[in-house]
>>> print(open('query-v8.cif').read())   # mmCIF, N, CA, C and O atoms
data_structure
loop_
_atom_site.label_atom_id
_atom_site.label_comp_id
_atom_site.auth_asym_id
_atom_site.auth_seq_id
_atom_site.Cartn_x
_atom_site.Cartn_y
_atom_site.Cartn_z
N MET A 1 28.23 17.05 -32.13
CA MET A 1 28.94 17.13 -30.86
C MET A 1 28.31 16.16 -29.88
O MET A 1 27.10 16.00 -29.86
N ASN A 2 29.13 15.59 -29.05
CA ASN A 2 28.60 14.69 -28.04
C ASN A 2 28.33 15.47 -26.75
O ASN A 2 28.57 16.67 -26.67
N TYR A 3 27.84 14.78 -25.74
CA TYR A 3 27.48 15.42 -24.48
C TYR A 3 28.68 16.09 -23.83
O TYR A 3 28.57 17.19 -23.29
N PHE A 4 29.84 15.44 -23.87
CA PHE A 4 31.03 15.97 -23.22
C PHE A 4 31.44 17.30 -23.82
O PHE A 4 31.66 18.27 -23.10
N THR A 5 31.53 17.39 -25.14
CA THR A 5 31.95 18.64 -25.77
C THR A 5 30.87 19.71 -25.62
O THR A 5 31.19 20.89 -25.48
N THR A 6 29.62 19.32 -25.62
CA THR A 6 28.54 20.29 -25.41
C THR A 6 28.64 20.90 -24.02
O THR A 6 28.53 22.12 -23.85
N SER A 7 28.86 20.08 -23.01
CA SER A 7 29.00 20.59 -21.64
C SER A 7 30.22 21.48 -21.51
O SER A 7 30.19 22.52 -20.84
N LEU A 8 31.32 21.09 -22.13
CA LEU A 8 32.53 21.89 -22.08
C LEU A 8 32.31 23.25 -22.75
O LEU A 8 32.72 24.28 -22.21
N MET A 9 31.64 23.28 -23.87
CA MET A 9 31.37 24.54 -24.56
C MET A 9 30.45 25.44 -23.74
O MET A 9 30.65 26.65 -23.67
N LYS A 10 29.45 24.87 -23.08
CA LYS A 10 28.58 25.67 -22.22
C LYS A 10 29.38 26.31 -21.10
O LYS A 10 29.16 27.48 -20.77
N ASN A 11 30.30 25.56 -20.51
CA ASN A 11 31.13 26.11 -19.45
C ASN A 11 32.06 27.20 -19.97
O ASN A 11 32.31 28.18 -19.29
N LEU A 12 32.57 27.03 -21.17
CA LEU A 12 33.44 28.05 -21.76
C LEU A 12 32.70 29.36 -21.99
O LEU A 12 33.21 30.44 -21.68
N PHE A 13 31.50 29.28 -22.54
CA PHE A 13 30.77 30.49 -22.90
C PHE A 13 30.07 31.14 -21.72
O PHE A 13 29.75 32.33 -21.77
N SER A 14 29.83 30.43 -20.65
CA SER A 14 29.17 31.02 -19.49
C SER A 14 30.18 31.43 -18.42
O SER A 14 29.80 31.76 -17.31
N ASN A 15 31.47 31.45 -18.74
CA ASN A 15 32.51 31.72 -17.76
C ASN A 15 32.54 33.18 -17.32
O ASN A 15 32.77 33.48 -16.16
N ASP A 16 32.36 34.12 -18.22
CA ASP A 16 32.44 35.56 -17.94
C ASP A 16 33.76 35.95 -17.26
O ASP A 16 33.79 36.72 -16.31
N ASN A 17 34.85 35.39 -17.76
CA ASN A 17 36.22 35.69 -17.28
C ASN A 17 36.43 35.37 -15.81
O ASN A 17 37.24 36.01 -15.15
N ASN A 18 35.70 34.43 -15.28
CA ASN A 18 35.87 34.00 -13.89
C ASN A 18 36.64 32.68 -13.93
O ASN A 18 36.07 31.61 -13.93
N LEU A 19 37.97 32.77 -13.95
CA LEU A 19 38.82 31.61 -14.16
C LEU A 19 38.68 30.54 -13.07
O LEU A 19 38.56 29.36 -13.40
N PRO A 20 38.67 30.86 -11.77
CA PRO A 20 38.52 29.79 -10.77
C PRO A 20 37.20 29.03 -10.91
O PRO A 20 37.17 27.81 -10.77
N ALA A 21 36.12 29.72 -11.21
CA ALA A 21 34.83 29.04 -11.39
C ALA A 21 34.87 28.16 -12.63
O ALA A 21 34.30 27.06 -12.64
N PHE A 22 35.54 28.62 -13.68
CA PHE A 22 35.67 27.82 -14.89
C PHE A 22 36.48 26.56 -14.61
O PHE A 22 36.10 25.47 -15.03
N GLU A 23 37.60 26.69 -13.91
CA GLU A 23 38.42 25.53 -13.59
C GLU A 23 37.65 24.52 -12.74
O GLU A 23 37.76 23.32 -12.93
N GLN A 24 36.84 25.02 -11.81
CA GLN A 24 36.03 24.14 -10.98
C GLN A 24 34.97 23.43 -11.82
O GLN A 24 34.72 22.23 -11.64
N ALA A 25 34.36 24.13 -12.76
CA ALA A 25 33.34 23.53 -13.62
C ALA A 25 33.96 22.47 -14.52
O ALA A 25 33.37 21.39 -14.71
N VAL A 26 35.13 22.74 -15.07
CA VAL A 26 35.79 21.76 -15.94
C VAL A 26 36.23 20.55 -15.13
O VAL A 26 36.09 19.40 -15.58
N THR A 27 36.74 20.77 -13.92
CA THR A 27 37.14 19.66 -13.05
C THR A 27 35.94 18.78 -12.73
O THR A 27 36.04 17.55 -12.78
N GLU A 28 34.80 19.38 -12.42
CA GLU A 28 33.60 18.60 -12.14
C GLU A 28 33.13 17.85 -13.37
O GLU A 28 32.68 16.71 -13.29
N LEU A 29 33.26 18.46 -14.53
CA LEU A 29 32.89 17.79 -15.78
C LEU A 29 33.78 16.57 -16.00
O LEU A 29 33.28 15.48 -16.31
N PHE A 30 35.07 16.71 -15.82
CA PHE A 30 35.99 15.56 -15.98
C PHE A 30 35.69 14.48 -14.95
O PHE A 30 35.71 13.29 -15.26
N ARG A 31 35.40 14.87 -13.71
CA ARG A 31 35.10 13.90 -12.67
C ARG A 31 33.85 13.10 -13.01
O ARG A 31 33.83 11.88 -12.93
N SER A 32 32.80 13.77 -13.44
CA SER A 32 31.55 13.07 -13.75
C SER A 32 31.71 12.17 -14.98
O SER A 32 31.17 11.06 -15.00
N GLU A 33 32.45 12.62 -15.97
CA GLU A 33 32.67 11.80 -17.16
C GLU A 33 33.55 10.59 -16.85
O GLU A 33 33.33 9.50 -17.37
N LEU A 34 34.54 10.77 -15.99
CA LEU A 34 35.39 9.66 -15.57
C LEU A 34 34.58 8.62 -14.82
O LEU A 34 34.68 7.42 -15.08
N GLU A 35 33.72 9.07 -13.92
CA GLU A 35 32.87 8.16 -13.15
C GLU A 35 31.92 7.38 -14.07
O GLU A 35 31.80 6.16 -13.96
N LYS A 36 31.30 8.09 -15.00
CA LYS A 36 30.37 7.43 -15.92
C LYS A 36 31.10 6.43 -16.81
O LYS A 36 30.63 5.30 -17.00
N SER A 37 32.26 6.79 -17.31
CA SER A 37 33.03 5.89 -18.19
C SER A 37 33.48 4.63 -17.46
O SER A 37 33.38 3.52 -17.98
N LEU A 38 33.99 4.79 -16.25
CA LEU A 38 34.45 3.63 -15.49
C LEU A 38 33.30 2.69 -15.14
O LEU A 38 33.45 1.47 -15.19
N ASN A 39 32.14 3.24 -14.81
CA ASN A 39 30.98 2.39 -14.51
C ASN A 39 30.52 1.63 -15.76
O ASN A 39 30.11 0.47 -15.66
N GLU A 40 30.59 2.26 -16.91
CA GLU A 40 30.24 1.57 -18.15
C GLU A 40 31.24 0.45 -18.45
O GLU A 40 30.85 -0.63 -18.91
N ILE A 41 32.52 0.69 -18.20
CA ILE A 41 33.54 -0.33 -18.42
C ILE A 41 33.31 -1.53 -17.50
O ILE A 41 33.38 -2.68 -17.92
N LEU A 42 33.00 -1.26 -16.24
CA LEU A 42 32.74 -2.34 -15.29
C LEU A 42 31.53 -3.17 -15.70
O LEU A 42 31.55 -4.41 -15.62
N ALA A 43 30.47 -2.51 -16.15
CA ALA A 43 29.28 -3.25 -16.59
C ALA A 43 29.59 -4.09 -17.83
O ALA A 43 29.14 -5.24 -17.94
N TYR A 44 30.35 -3.55 -18.76
CA TYR A 44 30.72 -4.30 -19.95
C TYR A 44 31.61 -5.49 -19.60
O TYR A 44 31.50 -6.55 -20.18
N GLU A 45 32.49 -5.28 -18.63
CA GLU A 45 33.39 -6.36 -18.22
C GLU A 45 32.61 -7.55 -17.66
O GLU A 45 32.93 -8.70 -17.96
N LEU A 46 31.56 -7.30 -16.88
CA LEU A 46 30.72 -8.39 -16.38
C LEU A 46 29.96 -9.06 -17.52
O LEU A 46 29.84 -10.28 -17.56
N THR A 47 29.48 -8.26 -18.48
CA THR A 47 28.79 -8.84 -19.63
C THR A 47 29.72 -9.76 -20.41
O THR A 47 29.32 -10.86 -20.81
N ALA A 48 30.96 -9.36 -20.60
CA ALA A 48 31.93 -10.20 -21.32
C ALA A 48 32.25 -11.45 -20.51
O ALA A 48 32.40 -12.53 -21.08
N PHE A 49 32.31 -11.33 -19.19
CA PHE A 49 32.60 -12.48 -18.34
C PHE A 49 31.46 -13.50 -18.38
O PHE A 49 31.70 -14.70 -18.50
N LEU A 50 30.22 -13.02 -18.30
CA LEU A 50 29.07 -13.93 -18.28
C LEU A 50 28.68 -14.41 -19.68
O LEU A 50 27.97 -15.40 -19.83
N ASP A 51 29.12 -13.68 -20.69
CA ASP A 51 28.87 -14.03 -22.09
C ASP A 51 27.39 -13.93 -22.48
O ASP A 51 26.90 -14.72 -23.28
N TYR A 52 26.67 -12.98 -21.88
CA TYR A 52 25.32 -12.66 -22.33
C TYR A 52 24.96 -11.25 -21.86
O TYR A 52 25.49 -10.77 -20.88
N GLU A 53 24.07 -10.62 -22.60
CA GLU A 53 23.66 -9.25 -22.32
C GLU A 53 22.69 -9.21 -21.13
O GLU A 53 22.03 -10.21 -20.84
N PRO A 54 22.59 -8.07 -20.47
CA PRO A 54 21.61 -7.96 -19.39
C PRO A 54 20.19 -8.23 -19.90
O PRO A 54 19.84 -7.85 -21.02
N TYR A 55 19.38 -8.88 -19.09
CA TYR A 55 17.98 -9.22 -19.37
C TYR A 55 17.81 -10.27 -20.46
O TYR A 55 16.69 -10.57 -20.85
N ALA A 56 18.89 -10.83 -20.97
CA ALA A 56 18.78 -11.89 -21.97
C ALA A 56 18.57 -13.22 -21.25
O ALA A 56 19.11 -13.46 -20.18
N ARG A 57 17.80 -14.09 -21.86
CA ARG A 57 17.60 -15.41 -21.28
C ARG A 57 18.79 -16.30 -21.63
O ARG A 57 19.29 -16.27 -22.74
N THR A 58 19.21 -17.08 -20.64
CA THR A 58 20.36 -17.94 -20.86
C THR A 58 20.23 -19.19 -19.97
O THR A 58 19.50 -19.18 -18.99
N HIS A 59 20.93 -20.22 -20.33
CA HIS A 59 20.95 -21.43 -19.53
C HIS A 59 22.22 -21.51 -18.68
O HIS A 59 22.54 -22.55 -18.13
N ASN A 60 22.90 -20.40 -18.59
CA ASN A 60 24.13 -20.30 -17.80
C ASN A 60 23.78 -20.38 -16.31
O ASN A 60 22.82 -19.77 -15.86
N GLU A 61 24.53 -21.15 -15.52
CA GLU A 61 24.28 -21.25 -14.09
C GLU A 61 24.58 -19.94 -13.37
O GLU A 61 23.92 -19.60 -12.40
N ASN A 62 25.58 -19.23 -13.83
CA ASN A 62 25.97 -17.98 -13.20
C ASN A 62 25.16 -16.83 -13.80
O ASN A 62 24.83 -16.83 -14.97
N SER A 63 24.83 -15.84 -12.99
CA SER A 63 24.07 -14.69 -13.47
C SER A 63 24.45 -13.46 -12.67
O SER A 63 25.20 -13.52 -11.70
N ARG A 64 23.91 -12.33 -13.09
CA ARG A 64 24.18 -11.08 -12.40
C ARG A 64 23.54 -11.10 -11.01
O ARG A 64 22.50 -11.71 -10.81
N ASN A 65 24.17 -10.38 -10.08
CA ASN A 65 23.65 -10.34 -8.72
C ASN A 65 23.83 -8.94 -8.14
O ASN A 65 24.38 -8.75 -7.06
N GLY A 66 23.40 -7.94 -8.88
CA GLY A 66 23.47 -6.57 -8.39
C GLY A 66 24.88 -6.00 -8.41
O GLY A 66 25.74 -6.42 -9.17
N SER A 67 25.10 -5.04 -7.52
CA SER A 67 26.40 -4.39 -7.44
C SER A 67 26.56 -3.78 -6.05
O SER A 67 25.62 -3.70 -5.28
N TYR A 68 27.77 -3.37 -5.77
CA TYR A 68 28.04 -2.64 -4.54
C TYR A 68 28.87 -1.41 -4.90
O TYR A 68 29.50 -1.36 -5.95
N GLN A 69 28.81 -0.40 -4.05
CA GLN A 69 29.47 0.86 -4.36
C GLN A 69 30.78 0.99 -3.60
O GLN A 69 30.90 0.57 -2.46
N ARG A 70 31.74 1.58 -4.29
CA ARG A 70 33.03 1.92 -3.69
C ARG A 70 33.36 3.35 -4.10
O ARG A 70 33.13 3.75 -5.23
N LYS A 71 33.90 4.10 -3.17
CA LYS A 71 34.31 5.48 -3.45
C LYS A 71 35.83 5.52 -3.57
O LYS A 71 36.54 4.90 -2.78
N PHE A 72 36.29 6.25 -4.58
CA PHE A 72 37.71 6.41 -4.82
C PHE A 72 38.04 7.89 -4.95
O PHE A 72 37.30 8.64 -5.60
N ASP A 73 39.11 8.30 -4.33
CA ASP A 73 39.57 9.69 -4.45
C ASP A 73 40.51 9.80 -5.63
O ASP A 73 41.46 9.03 -5.76
N THR A 74 40.23 10.75 -6.51
CA THR A 74 41.08 11.03 -7.66
C THR A 74 41.49 12.49 -7.60
O THR A 74 41.02 13.24 -6.74
N LYS A 75 42.33 12.90 -8.51
CA LYS A 75 42.73 14.31 -8.51
C LYS A 75 41.59 15.22 -8.97
O LYS A 75 41.63 16.41 -8.77
N TYR A 76 40.54 14.63 -9.55
CA TYR A 76 39.36 15.40 -9.96
C TYR A 76 38.27 15.38 -8.90
O TYR A 76 37.25 16.03 -9.07
N GLY A 77 38.45 14.64 -7.82
CA GLY A 77 37.45 14.54 -6.76
C GLY A 77 37.08 13.09 -6.52
O GLY A 77 37.64 12.18 -7.11
N THR A 78 36.13 12.89 -5.64
CA THR A 78 35.70 11.53 -5.28
C THR A 78 34.74 11.00 -6.33
O THR A 78 33.78 11.67 -6.69
N ILE A 79 35.01 9.79 -6.81
CA ILE A 79 34.11 9.13 -7.74
C ILE A 79 33.52 7.90 -7.06
O ILE A 79 34.17 7.27 -6.23
N THR A 80 32.28 7.60 -7.39
CA THR A 80 31.59 6.43 -6.84
C THR A 80 31.42 5.41 -7.95
O THR A 80 30.79 5.69 -8.97
N LEU A 81 32.01 4.24 -7.74
CA LEU A 81 31.91 3.17 -8.73
C LEU A 81 30.92 2.12 -8.27
O LEU A 81 30.89 1.76 -7.09
N ASN A 82 30.10 1.63 -9.19
CA ASN A 82 29.19 0.53 -8.94
C ASN A 82 29.88 -0.74 -9.42
O ASN A 82 29.93 -1.01 -10.61
N ILE A 83 30.39 -1.52 -8.49
CA ILE A 83 31.13 -2.74 -8.82
C ILE A 83 30.12 -3.87 -8.98
O ILE A 83 29.45 -4.25 -8.02
N PRO A 84 29.97 -4.41 -10.19
CA PRO A 84 28.99 -5.49 -10.40
C PRO A 84 29.48 -6.80 -9.80
O PRO A 84 30.68 -7.00 -9.61
N ARG A 85 28.54 -7.68 -9.49
CA ARG A 85 28.91 -9.00 -8.97
C ARG A 85 28.04 -10.07 -9.60
O ARG A 85 26.99 -9.79 -10.15
N ASP A 86 28.52 -11.30 -9.50
CA ASP A 86 27.77 -12.43 -10.04
C ASP A 86 27.35 -13.35 -8.90
O ASP A 86 27.83 -13.24 -7.78
N ARG A 87 26.41 -14.23 -9.18
CA ARG A 87 25.86 -15.10 -8.14
C ARG A 87 26.87 -16.08 -7.57
O ARG A 87 26.83 -16.40 -6.39
N MET A 88 27.78 -16.56 -8.38
CA MET A 88 28.73 -17.56 -7.91
C MET A 88 30.00 -16.95 -7.31
O MET A 88 30.85 -17.67 -6.81
N GLY A 89 30.13 -15.65 -7.37
CA GLY A 89 31.29 -14.97 -6.79
C GLY A 89 32.58 -15.21 -7.55
O GLY A 89 33.66 -15.12 -6.97
N GLU A 90 32.49 -15.51 -8.83
CA GLU A 90 33.67 -15.80 -9.64
C GLU A 90 34.21 -14.57 -10.38
O GLU A 90 35.32 -14.59 -10.89
N PHE A 91 33.42 -13.52 -10.46
CA PHE A 91 33.82 -12.34 -11.23
C PHE A 91 34.69 -11.43 -10.39
O PHE A 91 34.33 -11.04 -9.28
N PHE A 92 35.87 -11.10 -10.91
CA PHE A 92 36.76 -10.11 -10.32
C PHE A 92 37.17 -9.17 -11.43
O PHE A 92 37.68 -9.61 -12.46
N THR A 93 36.94 -7.89 -11.23
CA THR A 93 37.25 -6.92 -12.27
C THR A 93 38.77 -6.77 -12.42
O THR A 93 39.51 -6.85 -11.46
N SER A 94 39.19 -6.62 -13.66
CA SER A 94 40.62 -6.38 -13.90
C SER A 94 40.93 -4.89 -13.86
O SER A 94 42.08 -4.50 -13.92
N LEU A 95 39.89 -4.07 -13.77
CA LEU A 95 40.08 -2.62 -13.71
C LEU A 95 40.65 -2.26 -12.37
O LEU A 95 41.44 -1.41 -12.19
#
>>> encode(input="query-v8.cif", output="structure tokens")
Amino acid sequence: MNYFTTSLMKNLFSNDNNLPAFEQAVTELFRSELEKSLNEILAYELTAFLDYEPYARTHNENSRNGSYQRKFDTKYGTITLNIPRDRMGEFFTSL
């Protein structure tokens, strides 16, 4: 089992027939997994754009230059995305 199914099973078994608390726990689980997945996609997208892995040595003029945060409201709650950027300002996420 992966982390997602393990967390879901813990919420199922610790519910004690309290449906609103269970729905809130599942919603928070989906929100946190959505946030984590989107941040991983954004990081991978920059890696594909720059054509080298983080911390790898390269002779490429462009390189990573940190990230900035943006908050988005979803039906599962507010998620915070770390939008990566490059030194030359050429990277724009397609997400």
>>> resolve_selection(input="query-v8.cif", expression="the PyMOL selection byres (((chain A and resi 87 and name CA) around 7) and name CA)", output="PyMOL selection string")
chain A and resi 62-65+85-86+88-89
>>> residues_around(input="query-v8.cif", residues="region 71-77 of chain A", least_positions_apart="5", cutoff="8 Å", atoms="all atoms listed in the file", output="ChimeraX atom specification")
/A:24,26-32,82
>>> atom_distance(input="query-v8.cif", atom1="CA of Ser7 (chain A)", atom2="CA of Glu33 (chain A)")
10.5 Å
>>> residues_near_point(input="query-v8.cif", point="(29.3, -13.6, -18.6)", cutoff="10 Å", atoms="only C-alpha atoms", output="PyMOL selection string")
chain A and resi 44-54+60+62-64+86+91
>>> atom_distance(input="query-v8.cif", atom1="CA of Lys36 (chain A)", atom2="CA of Thr58 (chain A)")
27.7 Å
>>> build_atoms(input="query-v8.cif", residues="region 54-65 of chain A", atoms="all heavy atoms", output="PDB file, keeping the file's coordinate frame")
ATOM      1  N   PRO A  54      22.590  -8.070 -20.470  1.00  0.00           N
ATOM      2  CA  PRO A  54      21.610  -7.960 -19.390  1.00  0.00           C
ATOM      3  C   PRO A  54      20.190  -8.230 -19.900  1.00  0.00           C
ATOM      4  O   PRO A  54      19.840  -7.850 -21.020  1.00  0.00           O
ATOM      5  CB  PRO A  54      21.729  -6.506 -18.933  1.00  0.00           C
ATOM      6  CG  PRO A  54      23.082  -6.083 -19.367  1.00  0.00           C
ATOM      7  CD  PRO A  54      23.383  -6.863 -20.613  1.00  0.00           C
ATOM      8  N   TYR A  55      19.380  -8.880 -19.090  1.00  0.00           N
ATOM      9  CA  TYR A  55      17.980  -9.220 -19.370  1.00  0.00           C
ATOM     10  C   TYR A  55      17.810 -10.270 -20.460  1.00  0.00           C
ATOM     11  O   TYR A  55      16.690 -10.570 -20.850  1.00  0.00           O
ATOM     12  CB  TYR A  55      17.152  -7.975 -19.698  1.00  0.00           C
ATOM     13  CG  TYR A  55      17.281  -6.907 -18.664  1.00  0.00           C
ATOM     14  CD1 TYR A  55      17.991  -5.742 -18.928  1.00  0.00           C
ATOM     15  CD2 TYR A  55      16.728  -7.065 -17.402  1.00  0.00           C
ATOM     16  CE1 TYR A  55      18.128  -4.755 -17.963  1.00  0.00           C
ATOM     17  CE2 TYR A  55      16.862  -6.096 -16.436  1.00  0.00           C
ATOM     18  CZ  TYR A  55      17.562  -4.940 -16.724  1.00  0.00           C
ATOM     19  OH  TYR A  55      17.706  -3.973 -15.763  1.00  0.00           O
ATOM     20  N   ALA A  56      18.890 -10.830 -20.970  1.00  0.00           N
ATOM     21  CA  ALA A  56      18.780 -11.890 -21.970  1.00  0.00           C
ATOM     22  C   ALA A  56      18.570 -13.220 -21.250  1.00  0.00           C
ATOM     23  O   ALA A  56      19.110 -13.460 -20.180  1.00  0.00           O
ATOM     24  CB  ALA A  56      20.035 -11.953 -22.833  1.00  0.00           C
ATOM     25  N   ARG A  57      17.800 -14.090 -21.860  1.00  0.00           N
ATOM     26  CA  ARG A  57      17.600 -15.410 -21.280  1.00  0.00           C
ATOM     27  C   ARG A  57      18.790 -16.300 -21.630  1.00  0.00           C
ATOM     28  O   ARG A  57      19.290 -16.270 -22.740  1.00  0.00           O
ATOM     29  CB  ARG A  57      16.315 -16.037 -21.806  1.00  0.00           C
ATOM     30  CG  ARG A  57      15.088 -15.298 -21.340  1.00  0.00           C
ATOM     31  CD  ARG A  57      13.839 -16.100 -21.660  1.00  0.00           C
ATOM     32  NE  ARG A  57      12.676 -15.389 -21.225  1.00  0.00           N
ATOM     33  CZ  ARG A  57      12.093 -15.561 -20.047  1.00  0.00           C
ATOM     34  NH1 ARG A  57      12.572 -16.432 -19.199  1.00  0.00           N
ATOM     35  NH2 ARG A  57      11.020 -14.876 -19.720  1.00  0.00           N
ATOM     36  N   THR A  58      19.210 -17.080 -20.640  1.00  0.00           N
ATOM     37  CA  THR A  58      20.360 -17.940 -20.860  1.00  0.00           C
ATOM     38  C   THR A  58      20.230 -19.190 -19.970  1.00  0.00           C
ATOM     39  O   THR A  58      19.500 -19.180 -18.990  1.00  0.00           O
ATOM     40  CB  THR A  58      21.674 -17.210 -20.530  1.00  0.00           C
ATOM     41  OG1 THR A  58      22.758 -18.090 -20.768  1.00  0.00           O
ATOM     42  CG2 THR A  58      21.725 -16.732 -19.110  1.00  0.00           C
ATOM     43  N   HIS A  59      20.930 -20.220 -20.330  1.00  0.00           N
ATOM     44  CA  HIS A  59      20.950 -21.430 -19.530  1.00  0.00           C
ATOM     45  C   HIS A  59      22.220 -21.510 -18.680  1.00  0.00           C
ATOM     46  O   HIS A  59      22.540 -22.550 -18.130  1.00  0.00           O
ATOM     47  CB  HIS A  59      20.832 -22.667 -20.428  1.00  0.00           C
ATOM     48  CG  HIS A  59      19.535 -22.705 -21.162  1.00  0.00           C
ATOM     49  ND1 HIS A  59      18.336 -22.911 -20.530  1.00  0.00           N
ATOM     50  CD2 HIS A  59      19.234 -22.536 -22.469  1.00  0.00           C
ATOM     51  CE1 HIS A  59      17.356 -22.886 -21.416  1.00  0.00           C
ATOM     52  NE2 HIS A  59      17.879 -22.647 -22.605  1.00  0.00           N
ATOM     53  N   ASN A  60      22.900 -20.400 -18.590  1.00  0.00           N
ATOM     54  CA  ASN A  60      24.130 -20.300 -17.800  1.00  0.00           C
ATOM     55  C   ASN A  60      23.780 -20.380 -16.310  1.00  0.00           C
ATOM     56  O   ASN A  60      22.820 -19.770 -15.860  1.00  0.00           O
ATOM     57  CB  ASN A  60      24.813 -18.967 -18.112  1.00  0.00           C
ATOM     58  CG  ASN A  60      26.220 -18.896 -17.598  1.00  0.00           C
ATOM     59  OD1 ASN A  60      26.653 -19.736 -16.823  1.00  0.00           O
ATOM     60  ND2 ASN A  60      26.926 -17.865 -18.027  1.00  0.00           N
ATOM     61  N   GLU A  61      24.530 -21.150 -15.520  1.00  0.00           N
ATOM     62  CA  GLU A  61      24.280 -21.250 -14.090  1.00  0.00           C
ATOM     63  C   GLU A  61      24.580 -19.940 -13.370  1.00  0.00           C
ATOM     64  O   GLU A  61      23.920 -19.600 -12.400  1.00  0.00           O
ATOM     65  CB  GLU A  61      25.151 -22.352 -13.476  1.00  0.00           C
ATOM     66  CG  GLU A  61      24.757 -23.745 -13.884  1.00  0.00           C
ATOM     67  CD  GLU A  61      25.669 -24.791 -13.263  1.00  0.00           C
ATOM     68  OE1 GLU A  61      26.436 -24.465 -12.338  1.00  0.00           O
ATOM     69  OE2 GLU A  61      25.600 -25.934 -13.711  1.00  0.00           O
ATOM     70  N   ASN A  62      25.580 -19.230 -13.830  1.00  0.00           N
ATOM     71  CA  ASN A  62      25.970 -17.980 -13.200  1.00  0.00           C
ATOM     72  C   ASN A  62      25.160 -16.830 -13.800  1.00  0.00           C
ATOM     73  O   ASN A  62      24.830 -16.830 -14.970  1.00  0.00           O
ATOM     74  CB  ASN A  62      27.469 -17.741 -13.412  1.00  0.00           C
ATOM     75  CG  ASN A  62      28.051 -16.830 -12.380  1.00  0.00           C
ATOM     76  OD1 ASN A  62      27.342 -16.285 -11.536  1.00  0.00           O
ATOM     77  ND2 ASN A  62      29.355 -16.659 -12.424  1.00  0.00           N
ATOM     78  N   SER A  63      24.830 -15.840 -12.990  1.00  0.00           N
ATOM     79  CA  SER A  63      24.070 -14.690 -13.470  1.00  0.00           C
ATOM     80  C   SER A  63      24.450 -13.460 -12.670  1.00  0.00           C
ATOM     81  O   SER A  63      25.200 -13.520 -11.700  1.00  0.00           O
ATOM     82  CB  SER A  63      22.572 -14.961 -13.341  1.00  0.00           C
ATOM     83  OG  SER A  63      22.230 -15.171 -11.978  1.00  0.00           O
ATOM     84  N   ARG A  64      23.910 -12.330 -13.090  1.00  0.00           N
ATOM     85  CA  ARG A  64      24.180 -11.080 -12.400  1.00  0.00           C
ATOM     86  C   ARG A  64      23.540 -11.100 -11.010  1.00  0.00           C
ATOM     87  O   ARG A  64      22.500 -11.710 -10.810  1.00  0.00           O
ATOM     88  CB  ARG A  64      23.608  -9.911 -13.197  1.00  0.00           C
ATOM     89  CG  ARG A  64      24.380  -9.649 -14.452  1.00  0.00           C
ATOM     90  CD  ARG A  64      23.638  -8.654 -15.340  1.00  0.00           C
ATOM     91  NE  ARG A  64      24.485  -8.222 -16.413  1.00  0.00           N
ATOM     92  CZ  ARG A  64      24.809  -8.955 -17.462  1.00  0.00           C
ATOM     93  NH1 ARG A  64      24.335 -10.164 -17.578  1.00  0.00           N
ATOM     94  NH2 ARG A  64      25.603  -8.499 -18.401  1.00  0.00           N
ATOM     95  N   ASN A  65      24.170 -10.380 -10.080  1.00  0.00           N
ATOM     96  CA  ASN A  65      23.650 -10.340  -8.720  1.00  0.00           C
ATOM     97  C   ASN A  65      23.830  -8.940  -8.140  1.00  0.00           C
ATOM     98  O   ASN A  65      24.380  -8.750  -7.060  1.00  0.00           O
ATOM     99  CB  ASN A  65      24.362 -11.373  -7.844  1.00  0.00           C
ATOM    100  CG  ASN A  65      23.705 -11.546  -6.497  1.00  0.00           C
ATOM    101  OD1 ASN A  65      22.531 -11.260  -6.346  1.00  0.00           O
ATOM    102  ND2 ASN A  65      24.467 -11.993  -5.523  1.00  0.00           N
TER     103      ASN A  65
END
